[in-house]
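Asker: Pasting model_21.txt here (compact mmCIF, N, CA and C atoms):
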```
# COMPACT_ATOMS: atom_id res chain seq x y z
N MET A 1 -16.34 36.56 -13.81
CA MET A 1 -14.94 36.28 -13.55
C MET A 1 -14.80 35.07 -12.62
N ARG A 2 -15.67 35.01 -11.63
CA ARG A 2 -15.61 33.92 -10.65
C ARG A 2 -15.83 32.57 -11.34
N TYR A 3 -16.75 32.51 -12.29
CA TYR A 3 -17.05 31.26 -12.98
C TYR A 3 -15.88 30.81 -13.87
N ILE A 4 -15.17 31.77 -14.41
CA ILE A 4 -14.00 31.43 -15.23
C ILE A 4 -12.92 30.79 -14.36
N ILE A 5 -12.70 31.34 -13.18
CA ILE A 5 -11.70 30.79 -12.27
C ILE A 5 -12.10 29.38 -11.82
N ILE A 6 -13.37 29.20 -11.51
CA ILE A 6 -13.84 27.87 -11.09
C ILE A 6 -13.68 26.87 -12.23
N ALA A 7 -14.00 27.29 -13.46
CA ALA A 7 -13.84 26.40 -14.61
C ALA A 7 -12.38 26.03 -14.82
N ILE A 8 -11.48 26.98 -14.68
CA ILE A 8 -10.05 26.70 -14.84
C ILE A 8 -9.58 25.73 -13.76
N LEU A 9 -10.03 25.93 -12.52
CA LEU A 9 -9.65 25.02 -11.43
C LEU A 9 -10.13 23.61 -11.70
N LEU A 10 -11.38 23.47 -12.13
CA LEU A 10 -11.92 22.13 -12.39
C LEU A 10 -11.21 21.46 -13.55
N LEU A 11 -10.94 22.20 -14.60
CA LEU A 11 -10.23 21.63 -15.75
C LEU A 11 -8.80 21.23 -15.37
N SER A 12 -8.15 22.05 -14.56
CA SER A 12 -6.77 21.72 -14.21
C SER A 12 -6.70 20.51 -13.29
N LEU A 13 -7.68 20.34 -12.39
CA LEU A 13 -7.66 19.19 -11.50
C LEU A 13 -8.05 17.90 -12.22
N SER A 14 -8.91 17.99 -13.21
CA SER A 14 -9.36 16.78 -13.89
C SER A 14 -8.27 16.19 -14.78
N GLY A 15 -7.32 16.98 -15.21
CA GLY A 15 -6.29 16.48 -16.12
C GLY A 15 -4.95 16.26 -15.46
N CYS A 16 -4.92 16.11 -14.15
CA CYS A 16 -3.64 16.02 -13.44
C CYS A 16 -2.88 14.74 -13.74
N SER A 17 -3.57 13.67 -14.09
CA SER A 17 -2.86 12.42 -14.32
C SER A 17 -1.94 12.52 -15.53
N SER A 18 -2.28 13.37 -16.48
CA SER A 18 -1.41 13.53 -17.64
C SER A 18 -0.18 14.37 -17.33
N LEU A 19 -0.14 14.99 -16.16
CA LEU A 19 1.00 15.83 -15.79
C LEU A 19 2.03 15.09 -14.94
N ILE A 20 1.87 13.81 -14.75
CA ILE A 20 2.85 13.03 -14.01
C ILE A 20 4.10 12.89 -14.89
N VAL A 21 5.25 13.27 -14.34
CA VAL A 21 6.51 13.16 -15.08
C VAL A 21 6.97 11.71 -14.99
N ARG A 22 7.09 11.08 -16.15
CA ARG A 22 7.50 9.69 -16.22
C ARG A 22 8.89 9.58 -16.83
N GLU A 23 9.55 8.46 -16.61
CA GLU A 23 10.90 8.25 -17.13
C GLU A 23 10.91 8.18 -18.66
N THR A 24 9.79 7.81 -19.25
CA THR A 24 9.75 7.65 -20.70
C THR A 24 9.51 8.97 -21.43
N ASP A 25 9.25 10.05 -20.70
CA ASP A 25 9.01 11.34 -21.34
C ASP A 25 10.31 11.92 -21.90
N ASP A 26 10.20 12.57 -23.06
CA ASP A 26 11.37 13.24 -23.62
C ASP A 26 11.54 14.59 -22.90
N PRO A 27 12.70 15.23 -23.04
CA PRO A 27 12.97 16.48 -22.30
C PRO A 27 11.95 17.59 -22.57
N VAL A 28 11.46 17.71 -23.81
CA VAL A 28 10.48 18.75 -24.12
C VAL A 28 9.18 18.48 -23.38
N MET A 29 8.74 17.23 -23.36
CA MET A 29 7.50 16.87 -22.67
C MET A 29 7.66 17.09 -21.16
N THR A 30 8.79 16.72 -20.61
CA THR A 30 9.03 16.92 -19.18
C THR A 30 8.98 18.41 -18.84
N THR A 31 9.62 19.23 -19.65
CA THR A 31 9.63 20.67 -19.42
C THR A 31 8.21 21.23 -19.50
N ALA A 32 7.44 20.80 -20.47
CA ALA A 32 6.06 21.28 -20.61
C ALA A 32 5.21 20.86 -19.41
N LYS A 33 5.39 19.64 -18.94
CA LYS A 33 4.61 19.17 -17.80
C LYS A 33 4.96 19.96 -16.55
N VAL A 34 6.26 20.19 -16.32
CA VAL A 34 6.68 20.93 -15.13
C VAL A 34 6.19 22.37 -15.21
N ALA A 35 6.28 22.99 -16.37
CA ALA A 35 5.81 24.38 -16.52
C ALA A 35 4.31 24.46 -16.26
N THR A 36 3.55 23.51 -16.76
CA THR A 36 2.10 23.50 -16.53
C THR A 36 1.79 23.31 -15.06
N ARG A 37 2.52 22.42 -14.41
CA ARG A 37 2.29 22.19 -12.97
C ARG A 37 2.60 23.44 -12.16
N VAL A 38 3.65 24.18 -12.56
CA VAL A 38 3.99 25.42 -11.86
C VAL A 38 2.88 26.44 -12.06
N LEU A 39 2.35 26.52 -13.27
CA LEU A 39 1.29 27.50 -13.55
C LEU A 39 -0.01 27.18 -12.80
N ILE A 40 -0.36 25.91 -12.65
CA ILE A 40 -1.61 25.59 -11.96
C ILE A 40 -1.42 25.42 -10.46
N PHE A 41 -0.18 25.52 -9.98
CA PHE A 41 0.09 25.37 -8.55
C PHE A 41 -0.62 26.44 -7.74
N VAL A 42 -0.49 27.70 -8.14
CA VAL A 42 -1.06 28.80 -7.38
C VAL A 42 -2.59 28.81 -7.44
N PRO A 43 -3.21 28.73 -8.64
CA PRO A 43 -4.68 28.78 -8.65
C PRO A 43 -5.34 27.62 -7.91
N THR A 44 -4.73 26.47 -7.92
CA THR A 44 -5.37 25.33 -7.25
C THR A 44 -4.95 25.20 -5.79
N MET A 45 -4.11 26.11 -5.33
CA MET A 45 -3.65 26.13 -3.94
C MET A 45 -3.08 24.78 -3.52
N PHE A 46 -2.19 24.24 -4.30
CA PHE A 46 -1.45 23.02 -4.01
C PHE A 46 -2.28 21.75 -4.19
N MET A 47 -3.57 21.86 -4.45
CA MET A 47 -4.40 20.67 -4.60
C MET A 47 -3.99 19.84 -5.81
N SER A 48 -3.55 20.50 -6.88
CA SER A 48 -3.15 19.75 -8.07
C SER A 48 -1.98 18.83 -7.76
N GLU A 49 -1.03 19.30 -6.96
CA GLU A 49 0.13 18.47 -6.61
C GLU A 49 -0.30 17.26 -5.77
N LEU A 50 -1.27 17.46 -4.89
CA LEU A 50 -1.76 16.34 -4.07
C LEU A 50 -2.44 15.29 -4.95
N VAL A 51 -3.22 15.74 -5.92
CA VAL A 51 -3.90 14.80 -6.83
C VAL A 51 -2.87 14.06 -7.67
N ILE A 52 -1.88 14.77 -8.20
CA ILE A 52 -0.83 14.15 -9.02
C ILE A 52 -0.06 13.12 -8.20
N ASP A 53 0.28 13.47 -6.97
CA ASP A 53 1.04 12.55 -6.12
C ASP A 53 0.22 11.31 -5.78
N ALA A 54 -1.07 11.48 -5.51
CA ALA A 54 -1.92 10.33 -5.19
C ALA A 54 -2.03 9.39 -6.39
N GLU A 55 -2.18 9.95 -7.58
CA GLU A 55 -2.27 9.10 -8.77
C GLU A 55 -0.96 8.40 -9.06
N LYS A 56 0.15 9.07 -8.82
CA LYS A 56 1.47 8.46 -9.02
C LYS A 56 1.68 7.30 -8.04
N GLN A 57 1.29 7.49 -6.78
CA GLN A 57 1.42 6.42 -5.79
C GLN A 57 0.54 5.23 -6.14
N GLU A 58 -0.66 5.48 -6.66
CA GLU A 58 -1.55 4.38 -7.06
C GLU A 58 -0.95 3.60 -8.22
N GLU A 59 -0.35 4.30 -9.19
CA GLU A 59 0.32 3.62 -10.30
C GLU A 59 1.47 2.75 -9.79
N GLN A 60 2.26 3.27 -8.85
CA GLN A 60 3.37 2.50 -8.30
C GLN A 60 2.86 1.28 -7.53
N ARG A 61 1.77 1.44 -6.77
CA ARG A 61 1.23 0.31 -6.02
C ARG A 61 0.74 -0.78 -6.96
N GLN A 62 0.09 -0.39 -8.04
CA GLN A 62 -0.38 -1.37 -9.01
C GLN A 62 0.78 -2.08 -9.70
N ALA A 63 1.85 -1.33 -10.01
CA ALA A 63 3.02 -1.94 -10.64
C ALA A 63 3.69 -2.94 -9.69
N GLU A 64 3.79 -2.59 -8.40
CA GLU A 64 4.38 -3.50 -7.42
C GLU A 64 3.52 -4.75 -7.25
N ALA A 65 2.21 -4.59 -7.24
CA ALA A 65 1.31 -5.75 -7.10
C ALA A 65 1.44 -6.68 -8.31
N ALA A 66 1.56 -6.10 -9.50
CA ALA A 66 1.72 -6.92 -10.71
C ALA A 66 3.06 -7.64 -10.70
N ALA A 67 4.13 -6.96 -10.25
CA ALA A 67 5.44 -7.60 -10.18
C ALA A 67 5.43 -8.75 -9.16
N TYR A 68 4.76 -8.55 -8.03
CA TYR A 68 4.67 -9.62 -7.03
C TYR A 68 3.89 -10.81 -7.58
N ALA A 69 2.80 -10.53 -8.30
CA ALA A 69 2.00 -11.62 -8.87
C ALA A 69 2.81 -12.43 -9.88
N ARG A 70 3.60 -11.73 -10.72
CA ARG A 70 4.44 -12.44 -11.68
C ARG A 70 5.49 -13.29 -10.95
N TRP A 71 6.09 -12.73 -9.91
CA TRP A 71 7.11 -13.46 -9.15
C TRP A 71 6.48 -14.67 -8.46
N TYR A 72 5.31 -14.48 -7.84
CA TYR A 72 4.65 -15.56 -7.11
C TYR A 72 4.26 -16.69 -8.07
N ASN A 73 3.79 -16.35 -9.25
CA ASN A 73 3.40 -17.38 -10.23
C ASN A 73 4.61 -18.15 -10.77
N SER A 74 5.80 -17.61 -10.64
CA SER A 74 6.99 -18.30 -11.13
C SER A 74 7.54 -19.30 -10.09
N LEU A 75 6.99 -19.33 -8.88
CA LEU A 75 7.49 -20.20 -7.83
C LEU A 75 6.98 -21.62 -8.00
N SER A 76 7.76 -22.55 -7.45
CA SER A 76 7.33 -23.95 -7.42
C SER A 76 6.27 -24.11 -6.32
N PRO A 77 5.53 -25.20 -6.30
CA PRO A 77 4.50 -25.39 -5.26
C PRO A 77 5.08 -25.33 -3.84
N GLN A 78 6.27 -25.88 -3.65
CA GLN A 78 6.88 -25.85 -2.32
C GLN A 78 7.26 -24.42 -1.94
N GLN A 79 7.81 -23.67 -2.89
CA GLN A 79 8.17 -22.28 -2.60
C GLN A 79 6.93 -21.43 -2.36
N ARG A 80 5.84 -21.73 -3.07
CA ARG A 80 4.59 -21.01 -2.84
C ARG A 80 4.06 -21.28 -1.43
N ALA A 81 4.16 -22.53 -0.99
CA ALA A 81 3.69 -22.87 0.35
C ALA A 81 4.50 -22.11 1.40
N ILE A 82 5.80 -22.02 1.19
CA ILE A 82 6.66 -21.28 2.12
C ILE A 82 6.30 -19.80 2.10
N GLU A 83 6.10 -19.23 0.92
CA GLU A 83 5.73 -17.81 0.80
C GLU A 83 4.36 -17.56 1.43
N ASP A 84 3.42 -18.48 1.26
CA ASP A 84 2.10 -18.34 1.88
C ASP A 84 2.23 -18.32 3.40
N GLN A 85 3.11 -19.18 3.92
CA GLN A 85 3.30 -19.21 5.37
C GLN A 85 3.95 -17.91 5.85
N ARG A 86 4.91 -17.40 5.11
CA ARG A 86 5.53 -16.12 5.48
C ARG A 86 4.51 -14.98 5.45
N GLU A 87 3.66 -14.97 4.43
CA GLU A 87 2.63 -13.93 4.34
C GLU A 87 1.65 -14.05 5.50
N HIS A 88 1.31 -15.28 5.87
CA HIS A 88 0.43 -15.51 7.03
C HIS A 88 1.09 -14.95 8.29
N GLU A 89 2.38 -15.19 8.47
CA GLU A 89 3.09 -14.68 9.65
C GLU A 89 3.15 -13.16 9.63
N ARG A 90 3.34 -12.55 8.45
CA ARG A 90 3.34 -11.08 8.36
C ARG A 90 1.96 -10.53 8.72
N ASP A 91 0.89 -11.22 8.30
CA ASP A 91 -0.46 -10.79 8.66
C ASP A 91 -0.67 -10.86 10.17
N LEU A 92 -0.16 -11.92 10.80
CA LEU A 92 -0.27 -12.04 12.25
C LEU A 92 0.46 -10.89 12.95
N VAL A 93 1.64 -10.53 12.46
CA VAL A 93 2.39 -9.43 13.05
C VAL A 93 1.62 -8.11 12.89
N ARG A 94 1.03 -7.91 11.71
CA ARG A 94 0.24 -6.68 11.49
C ARG A 94 -0.94 -6.62 12.46
N MET A 95 -1.64 -7.76 12.62
CA MET A 95 -2.78 -7.78 13.54
C MET A 95 -2.34 -7.56 14.97
N GLN A 96 -1.20 -8.13 15.35
CA GLN A 96 -0.71 -7.95 16.71
C GLN A 96 -0.33 -6.50 16.95
N ALA A 97 0.31 -5.87 15.97
CA ALA A 97 0.67 -4.46 16.11
C ALA A 97 -0.58 -3.59 16.23
N ALA A 98 -1.60 -3.90 15.45
CA ALA A 98 -2.85 -3.14 15.53
C ALA A 98 -3.52 -3.34 16.88
N SER A 99 -3.48 -4.57 17.40
CA SER A 99 -4.10 -4.82 18.70
C SER A 99 -3.34 -4.15 19.82
N MET A 100 -2.04 -3.93 19.63
CA MET A 100 -1.25 -3.24 20.65
C MET A 100 -1.50 -1.73 20.59
N MET A 101 -1.84 -1.20 19.42
CA MET A 101 -2.09 0.23 19.29
C MET A 101 -3.48 0.62 19.77
N LEU A 102 -4.43 -0.28 19.65
CA LEU A 102 -5.81 0.03 19.96
C LEU A 102 -6.02 0.52 21.39
N PRO A 103 -5.45 -0.12 22.41
CA PRO A 103 -5.69 0.39 23.77
C PRO A 103 -5.19 1.81 23.97
N SER A 104 -4.04 2.16 23.40
CA SER A 104 -3.54 3.52 23.60
C SER A 104 -4.41 4.53 22.86
N LEU A 105 -4.95 4.14 21.68
CA LEU A 105 -5.85 5.04 20.98
C LEU A 105 -7.13 5.25 21.77
N MET A 106 -7.64 4.16 22.35
CA MET A 106 -8.85 4.27 23.16
C MET A 106 -8.57 5.11 24.40
N TYR A 107 -7.40 4.95 25.00
CA TYR A 107 -7.03 5.71 26.19
C TYR A 107 -6.93 7.19 25.86
N ASN A 108 -6.28 7.52 24.73
CA ASN A 108 -6.14 8.92 24.35
C ASN A 108 -7.49 9.54 24.01
N ALA A 109 -8.38 8.80 23.36
CA ALA A 109 -9.71 9.32 23.05
C ALA A 109 -10.48 9.57 24.34
N ASN A 110 -10.35 8.66 25.30
CA ASN A 110 -11.02 8.81 26.57
C ASN A 110 -10.50 10.05 27.30
N GLN A 111 -9.20 10.28 27.22
CA GLN A 111 -8.62 11.43 27.90
C GLN A 111 -9.08 12.74 27.28
N SER A 112 -9.26 12.76 25.96
CA SER A 112 -9.68 14.00 25.33
C SER A 112 -11.13 14.33 25.67
N PHE A 113 -11.97 13.33 25.91
CA PHE A 113 -13.37 13.59 26.27
C PHE A 113 -13.54 13.84 27.76
N ASN A 114 -12.74 13.21 28.58
CA ASN A 114 -12.89 13.34 30.02
C ASN A 114 -11.50 13.39 30.65
N SER A 115 -10.94 14.56 30.75
CA SER A 115 -9.56 14.66 31.21
C SER A 115 -9.42 14.40 32.70
N MET A 116 -10.50 14.44 33.46
CA MET A 116 -10.41 14.20 34.89
C MET A 116 -10.38 12.72 35.23
N ARG A 117 -10.93 11.89 34.41
CA ARG A 117 -11.02 10.46 34.70
C ARG A 117 -9.79 9.76 34.13
N MET A 118 -9.00 9.16 34.98
CA MET A 118 -7.78 8.49 34.55
C MET A 118 -8.05 6.99 34.50
N THR A 119 -8.11 6.43 33.32
CA THR A 119 -8.30 4.99 33.16
C THR A 119 -7.10 4.42 32.42
N PRO A 120 -6.48 3.40 32.97
CA PRO A 120 -5.34 2.81 32.27
C PRO A 120 -5.80 2.04 31.05
N PRO A 121 -4.92 1.91 30.06
CA PRO A 121 -5.31 1.13 28.89
C PRO A 121 -5.53 -0.33 29.25
N VAL A 122 -6.47 -0.94 28.59
CA VAL A 122 -6.81 -2.33 28.84
C VAL A 122 -5.84 -3.22 28.06
N PRO A 123 -5.13 -4.13 28.75
CA PRO A 123 -4.24 -5.01 27.99
C PRO A 123 -5.05 -5.98 27.15
N MET A 124 -4.61 -6.19 25.95
CA MET A 124 -5.32 -7.10 25.06
C MET A 124 -4.46 -8.33 24.81
N GLN A 125 -5.12 -9.43 24.66
CA GLN A 125 -4.42 -10.66 24.34
C GLN A 125 -4.05 -10.64 22.87
N PRO A 126 -2.82 -11.02 22.52
CA PRO A 126 -2.45 -11.03 21.10
C PRO A 126 -3.25 -12.10 20.36
N LEU A 127 -3.52 -11.82 19.10
CA LEU A 127 -4.23 -12.79 18.27
C LEU A 127 -3.29 -13.94 17.92
N VAL A 128 -3.73 -15.13 18.19
CA VAL A 128 -2.93 -16.30 17.88
C VAL A 128 -3.74 -17.16 16.92
N SER A 129 -3.13 -17.49 15.85
CA SER A 129 -3.80 -18.30 14.85
C SER A 129 -2.79 -19.30 14.33
N SER A 130 -3.27 -20.45 13.95
CA SER A 130 -2.34 -21.47 13.47
C SER A 130 -1.99 -21.20 12.01
N PRO A 131 -0.72 -21.32 11.65
CA PRO A 131 -0.34 -21.11 10.26
C PRO A 131 -0.84 -22.28 9.41
N PRO A 132 -0.95 -22.06 8.12
CA PRO A 132 -1.38 -23.16 7.27
C PRO A 132 -0.35 -24.29 7.31
N THR A 133 -0.83 -25.51 7.39
CA THR A 133 0.08 -26.64 7.48
C THR A 133 0.55 -27.04 6.10
N VAL A 134 1.82 -27.32 6.02
CA VAL A 134 2.43 -27.77 4.77
C VAL A 134 3.12 -29.09 5.07
N SER A 135 2.71 -30.11 4.36
CA SER A 135 3.39 -31.39 4.55
C SER A 135 4.07 -31.77 3.24
N CYS A 136 5.33 -32.06 3.34
CA CYS A 136 6.12 -32.44 2.17
C CYS A 136 6.70 -33.83 2.40
N ARG A 137 6.79 -34.58 1.34
CA ARG A 137 7.45 -35.88 1.43
C ARG A 137 8.35 -36.03 0.21
N THR A 138 9.48 -36.64 0.43
CA THR A 138 10.44 -36.86 -0.63
C THR A 138 10.57 -38.35 -0.86
N TYR A 139 10.54 -38.74 -2.11
CA TYR A 139 10.64 -40.15 -2.44
C TYR A 139 11.49 -40.28 -3.71
N PRO A 140 12.26 -41.38 -3.77
CA PRO A 140 13.13 -41.56 -4.94
C PRO A 140 12.36 -42.22 -6.09
N ILE A 141 12.64 -41.75 -7.30
CA ILE A 141 12.18 -42.38 -8.53
C ILE A 141 13.42 -42.53 -9.39
N GLY A 142 13.88 -43.74 -9.50
CA GLY A 142 15.12 -43.98 -10.23
C GLY A 142 16.28 -43.32 -9.49
N SER A 143 17.03 -42.49 -10.19
CA SER A 143 18.16 -41.79 -9.55
C SER A 143 17.77 -40.38 -9.12
N ASN A 144 16.50 -39.97 -9.29
CA ASN A 144 16.04 -38.63 -8.92
C ASN A 144 15.25 -38.67 -7.62
N LEU A 145 15.32 -37.59 -6.88
CA LEU A 145 14.51 -37.42 -5.67
C LEU A 145 13.39 -36.44 -6.00
N ASN A 146 12.16 -36.86 -5.79
CA ASN A 146 11.02 -36.00 -6.04
C ASN A 146 10.41 -35.59 -4.71
N THR A 147 9.96 -34.31 -4.62
CA THR A 147 9.33 -33.78 -3.43
C THR A 147 7.91 -33.39 -3.76
N ASP A 148 6.97 -33.82 -2.93
CA ASP A 148 5.56 -33.53 -3.11
C ASP A 148 5.07 -32.78 -1.88
N CYS A 149 4.56 -31.56 -2.06
CA CYS A 149 4.06 -30.74 -0.94
C CYS A 149 2.57 -30.51 -1.10
N ARG A 150 1.88 -30.57 0.02
CA ARG A 150 0.43 -30.29 0.04
C ARG A 150 0.10 -29.36 1.15
```
So, in terms of structure tokens, how does the structure I just supplied come out?

Answerer:
Amino acid sequence: MRYIIIAILLLSLSGCSSLIVRETDDPVMTTAKVATRVLIFVPTMFMSELVIDAEKQEEQRQAEAAAYARWYNSLSPQQRAIEDQREHERDLVRMQAASMMLPSLMYNANQSFNSMRMTPPVPMQPLVSSPPTVSCRTYPIGSNLNTDCR
């Protein structure tokens, strides 16, 4: 009996990606997927829902990355340079936020190992990096103005 239960658990967890309810599913398929998820919810002790949710989030992340790549490829060279600079600035903000969190994490870890020793968090210098340089020049050709960015 124990082996049958283990086999059912393994089979139900391996097929969880097919149980993701998508917008393109018809009502009968949606009902069948939800009923199956309800039936495997108890034997898998909620693990099936965690696997389904993780796979759904990965699909969404991949779709967002593909949409961003299509949008980025549609930009002009000047707009790409501006977007690259914005992305560089967002990376700097992420690194600065991480550097600000690190001392408090180290302080809390120190406190959990040695509660008698009180050490203040060490201030860290923010990471400073130069953004990529973009030089643009505009020059007339006939009645049109052309812009060249590098």

Asker: Just the number, please: distance in Å from atom CA of Leu145 of chain A to atom CA of Pro132 of chain A, one decimal.

Answerer: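 Interatomic distance here is 25.0 Å.
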
Asker: For atom CA of Ile40 of chain A and atom N of Leu19 of chain A, determine how far apart the two atoms are, in Å to one decimal place.

Answerer: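 About the pair atom CA of Ile40 of chain A and atom N of Leu19 of chain A: they are 11.5 Å apart.
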
Asker: Nearest residue to Tyr68 of chain A out of A:Glu49, A:Glu55, A:Glu83, A:Glu23, using only C-alpha atoms?

Answerer: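 That would be A:Glu83, the residue with the smallest distance to Tyr68 of chain A.
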
Asker: Report, in Å with one decimal, the straight-line distance from atom CA of Cys136 of chain A to atom CA of Asp148 of chain A.

Answerer: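 Going from atom CA of Cys136 of chain A over to atom CA of Asp148 of chain A covers 5.4 Å.
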